[in-house]
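K.L.:
Here it is, the structure, as structure tokens.
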Number of protein chains: 2
Amino acid sequence: MKEVEWLKKISTYLGKELSNEDCATIKFGNRYLIFTTDALVEGVHFSFSYYSYYDVGYKLGAVNLSDIAAGGGSPLWALLTLGTKTIDTQAFSFLEGLKHSLEMEGACLIGGDTVKSPVFFCSLTLIGETSYPLLRKGASPGDLIFVSRPLGESSAFLRLIKEKKLEQIPDNLKKAHLKPSPEIKLGKALSEFKIPSATIDISDGLVIDLFRICEEKEVGAILWEEKIPIGPWATLEDALFGGEDYALLFTVPKEKIARLKVIEKSLNRKLFCIGEIIQERNFYLQKDKTLKPLQIRGFDHFLD
Amino acid sequence: MKEVEWLKKISTYLGKELSNEDCATIKFGNRYLIFTTDALVEGVHFSFSYYSYYDVGYKLGAVNLSDIAAGGGSPLWALLTLGTKTIDTQAFSFLEGLKHSLEMEGACLIGGDTVKSPVFFCSLTLIGETSYPLLRKGASPGDLIFVSRPLGESSAFLRLIKEKKLEQIPDNLKKAHLKPSPEIKLGKALSEFKIPSATIDISDGLVIDLFRICEEKEVGAILWEEKIPIGPWATLEDALFGGEDYALLFTVPKEKIARLKVIEKSLNRKLFCIGEIIQERNFYLQKDKTLKPLQIRGFDHFLD
């Protein structure tokens, strides 16, 4: 079974209105709580041949924080499940990494479970809050498509690590893959000014994650090849299909572009306008005036 | 390293006041949110030779609900991490079981993550709320010790399954081990009437979990052998050291016993008074007038 089919089926088990989002969002009192869970398994999501235990802990925090960023939230509380053969100094090194990534964004570990397991795995549930949750659904034809930073470096790391030693790989690629930066500050600003019509973080790849946004409203998109920001050492292929970028991908109605400019200025950073949502339910890559159909593909562990 | 040493170390990573509890408790607005996480790993916590996928899902819900019961909470929202080789009808059967145990107590699944894993594992984070959280700390000398129901059947199941086929095992033992009942209703009543000085659910064994309560206040306890309720087919050894009972164990100041009687009546059930907290930091089993020292032992996967 493909992961997408499973997700469709599993959504019938969820409370209504909760399916397909990075985070579940629930009104509690006069605020919204947002919840996310992401897990990493040794040999599936990472290898200790190039990750330290510290890196795995750090990344577990970062990927969950990235989901909260996509929901426009402030991260608050985290619960950890750690599956390990033995508890030793490596497990502490893992905890240090997790703690550092969480604390950098103001979140703290409040509990969890440590279990014996023949394979190392870790899973985090992270809870945040917001007064205006950002959602995946809402992209309309004419909305402009933005990404928050250059893409592809994380994927380029995975290409290079097959041939090279860790020391030989450029630092920006190592950082992009092992210690991705969650876009918490940007997510909060986008939420505060109610800018995006739809938001997601790029975990499985620009094209597949754009497809997910578009599916929600049964629309399509054109990406402008020359506008897609590609990180140093990465290729267009990395940027389109690579995944694990943890940049934010969001759509903005044209009348809100002026407000977005204010955010760019106040955060002192550039955001990248890379395309447009279209009515037609298809996906294209545009170069000069030529439109090339885009294949929808991204990462699905269950198709290995 | 022993699990208890790990837990001590890990508690230095947690927000203050959160260590050693079944649940983390956080004031949010004018209510308390309580959070718990419990995981099950194939071959460590269960075997598919006598668990169906449905049973595993059901039990994952039940053990987490039991933590919320020990916190005196109403369960609300759950997030699931499922690690599995393939997603197929067995995974749905697992989900059905989880859904049923959660829904019986008014909780619902709101999200999660499904990951590929060479070993089947599942982890649930369950969030509940209460206006008066029950805690482990607070047992004082003179307080009476209660358990909510007969003990040992779950452990007796594990003894018998080594020699017998599943069909040959008495139904009460199968139910106790595979489909334990979380004490949500009782936990809520104890919280509403602010009865216990300390509360825990028995997951690792009566004696070790009593020890945990006592450690919090540096006190000891006497258990009255003849008062300990033992389930059919179970032994005193099962009841004292077996674990996985998911009964509530709680201490009650003598001046609150009358109020506890009101709860027993309104819930139409009997609670079992099995001993007393003492100042001396030791543990005894009393039979007639004789005191026998109790060895503190229970379940620790990491000492296998």
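Chain lettering (A, B, ...) mirrors the order of the structure tokens, residue numbering begins at 1 for each chain separately, and ligand numbering begins at 1 in order of display.
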Can you pull out every residue within 12 Å of A:Pro150, counting only C-alpha atoms, but drop anything in the same chain fewer than 6 positions away, and send it as an mmCIF file with N, CA and C atoms, in the first residue's frame?
P.N.:
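Listed below is the output, out_37.cif:
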```cif
data_model
loop_
_atom_site.group_PDB
_atom_site.id
_atom_site.type_symbol
_atom_site.label_atom_id
_atom_site.label_comp_id
_atom_site.auth_asym_id
_atom_site.auth_seq_id
_atom_site.Cartn_x
_atom_site.Cartn_y
_atom_site.Cartn_z
ATOM 1 N N ASN A 172 27.800 23.610 4.496
ATOM 2 C CA ASN A 172 26.399 24.029 4.363
ATOM 3 C C ASN A 172 25.491 22.820 4.145
ATOM 4 N N LEU A 173 26.003 21.799 3.429
ATOM 5 C CA LEU A 173 25.190 20.605 3.186
ATOM 6 C C LEU A 173 25.027 19.798 4.470
ATOM 7 N N ALA A 176 22.539 21.611 6.586
ATOM 8 C CA ALA A 176 21.176 21.518 6.041
ATOM 9 C C ALA A 176 20.553 20.161 6.366
ATOM 10 N N ILE A 202 8.456 21.926 3.941
ATOM 11 C CA ILE A 202 8.929 20.997 2.912
ATOM 12 C C ILE A 202 9.700 19.869 3.576
ATOM 13 N N LEU A 206 9.766 19.762 -2.526
ATOM 14 C CA LEU A 206 8.981 20.927 -2.953
ATOM 15 C C LEU A 206 7.750 20.520 -3.756
ATOM 16 N N LYS A 227 13.234 31.090 -10.908
ATOM 17 C CA LYS A 227 13.038 31.780 -9.624
ATOM 18 C C LYS A 227 13.262 30.851 -8.423
ATOM 19 N N ILE A 228 13.360 29.551 -8.691
ATOM 20 C CA ILE A 228 13.512 28.613 -7.568
ATOM 21 C C ILE A 228 14.909 28.752 -6.970
ATOM 22 N N PRO A 229 15.022 29.117 -5.697
ATOM 23 C CA PRO A 229 16.352 29.300 -5.106
ATOM 24 C C PRO A 229 16.980 27.941 -4.792
ATOM 25 N N ILE A 230 18.174 27.746 -5.294
ATOM 26 C CA ILE A 230 18.870 26.467 -5.114
ATOM 27 C C ILE A 230 20.124 26.707 -4.285
ATOM 28 N N GLY A 231 20.287 25.934 -3.226
ATOM 29 C CA GLY A 231 21.427 26.127 -2.330
ATOM 30 C C GLY A 231 22.733 25.736 -2.997
ATOM 31 N N PRO A 232 23.874 26.262 -2.497
ATOM 32 C CA PRO A 232 25.194 25.900 -3.037
ATOM 33 C C PRO A 232 25.398 24.382 -3.007
ATOM 34 N N TRP A 233 25.935 23.798 -4.075
ATOM 35 C CA TRP A 233 26.204 22.370 -4.242
ATOM 36 C C TRP A 233 24.950 21.555 -4.562
ATOM 37 N N ALA A 234 23.775 22.179 -4.544
ATOM 38 C CA ALA A 234 22.549 21.434 -4.864
ATOM 39 C C ALA A 234 22.169 21.648 -6.324
ATOM 40 N N THR A 235 21.336 20.744 -6.850
ATOM 41 C CA THR A 235 20.874 20.845 -8.231
ATOM 42 C C THR A 235 19.379 21.179 -8.244
ATOM 43 N N LEU A 236 18.858 21.498 -9.443
ATOM 44 C CA LEU A 236 17.419 21.749 -9.574
ATOM 45 C C LEU A 236 16.632 20.513 -9.139
ATOM 46 N N ASP A 238 17.506 18.256 -6.925
ATOM 47 C CA ASP A 238 17.509 18.259 -5.457
ATOM 48 C C ASP A 238 16.423 19.189 -4.925
ATOM 49 N N ALA A 239 16.363 20.386 -5.493
ATOM 50 C CA ALA A 239 15.445 21.408 -4.987
ATOM 51 C C ALA A 239 13.990 21.007 -5.223
ATOM 52 N N LEU A 240 13.704 20.383 -6.358
ATOM 53 C CA LEU A 240 12.307 20.031 -6.688
ATOM 54 C C LEU A 240 11.829 18.785 -5.954
ATOM 55 N N ASP A 245 14.060 19.680 3.453
ATOM 56 C CA ASP A 245 14.547 21.062 3.471
ATOM 57 C C ASP A 245 14.091 21.798 4.725
ATOM 58 N N TYR A 246 12.869 21.488 5.152
ATOM 59 C CA TYR A 246 12.267 22.171 6.310
ATOM 60 C C TYR A 246 12.195 23.684 6.144
ATOM 61 N N ALA A 247 12.170 24.111 4.872
ATOM 62 C CA ALA A 247 11.800 25.490 4.558
ATOM 63 C C ALA A 247 10.272 25.562 4.630
ATOM 64 N N LEU A 248 9.711 26.760 4.756
ATOM 65 C CA LEU A 248 8.260 26.886 4.629
ATOM 66 C C LEU A 248 7.901 27.142 3.174
ATOM 67 N N LEU A 249 6.817 26.498 2.740
ATOM 68 C CA LEU A 249 6.237 26.699 1.412
ATOM 69 C C LEU A 249 4.840 27.250 1.666
ATOM 70 N N LYS A 270 15.076 37.711 2.863
ATOM 71 C CA LYS A 270 14.393 37.649 1.582
ATOM 72 C C LYS A 270 13.567 36.365 1.527
ATOM 73 N N LEU A 271 12.331 36.492 1.042
ATOM 74 C CA LEU A 271 11.519 35.304 0.760
ATOM 75 C C LEU A 271 11.445 35.161 -0.754
ATOM 76 N N PHE A 272 11.210 33.939 -1.255
ATOM 77 C CA PHE A 272 11.359 33.681 -2.684
ATOM 78 C C PHE A 272 10.019 33.342 -3.328
ATOM 79 N N CYS A 273 9.609 34.193 -4.271
ATOM 80 C CA CYS A 273 8.360 33.954 -5.001
ATOM 81 C C CYS A 273 8.687 33.051 -6.189
ATOM 82 N N ILE A 274 8.147 31.833 -6.200
ATOM 83 C CA ILE A 274 8.605 30.840 -7.195
ATOM 84 C C ILE A 274 7.514 30.369 -8.146
#
```
K.L.:
Just list as a ChimeraX atom specification whatever in stretch 137-195 of chain A DSSP marks as alpha helix (DSSP H).
P.N.:
/A:153-160,171-178,184-192
K.L.:
Tell me, in Å to one decimal, how far atom CA of A:Ser181 is from atom CA of A:Ile296.
P.N.:
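Going from atom CA of A:Ser181 over to atom CA of A:Ile296, I get 25.7 Å.
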K.L.:
Pick from A:His45, A:His177, A:His100, A:Lys85: nearest to B:Val115, with only C-alpha atoms counted?
P.N.:
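Closest to B:Val115 of all the choices is A:His45.
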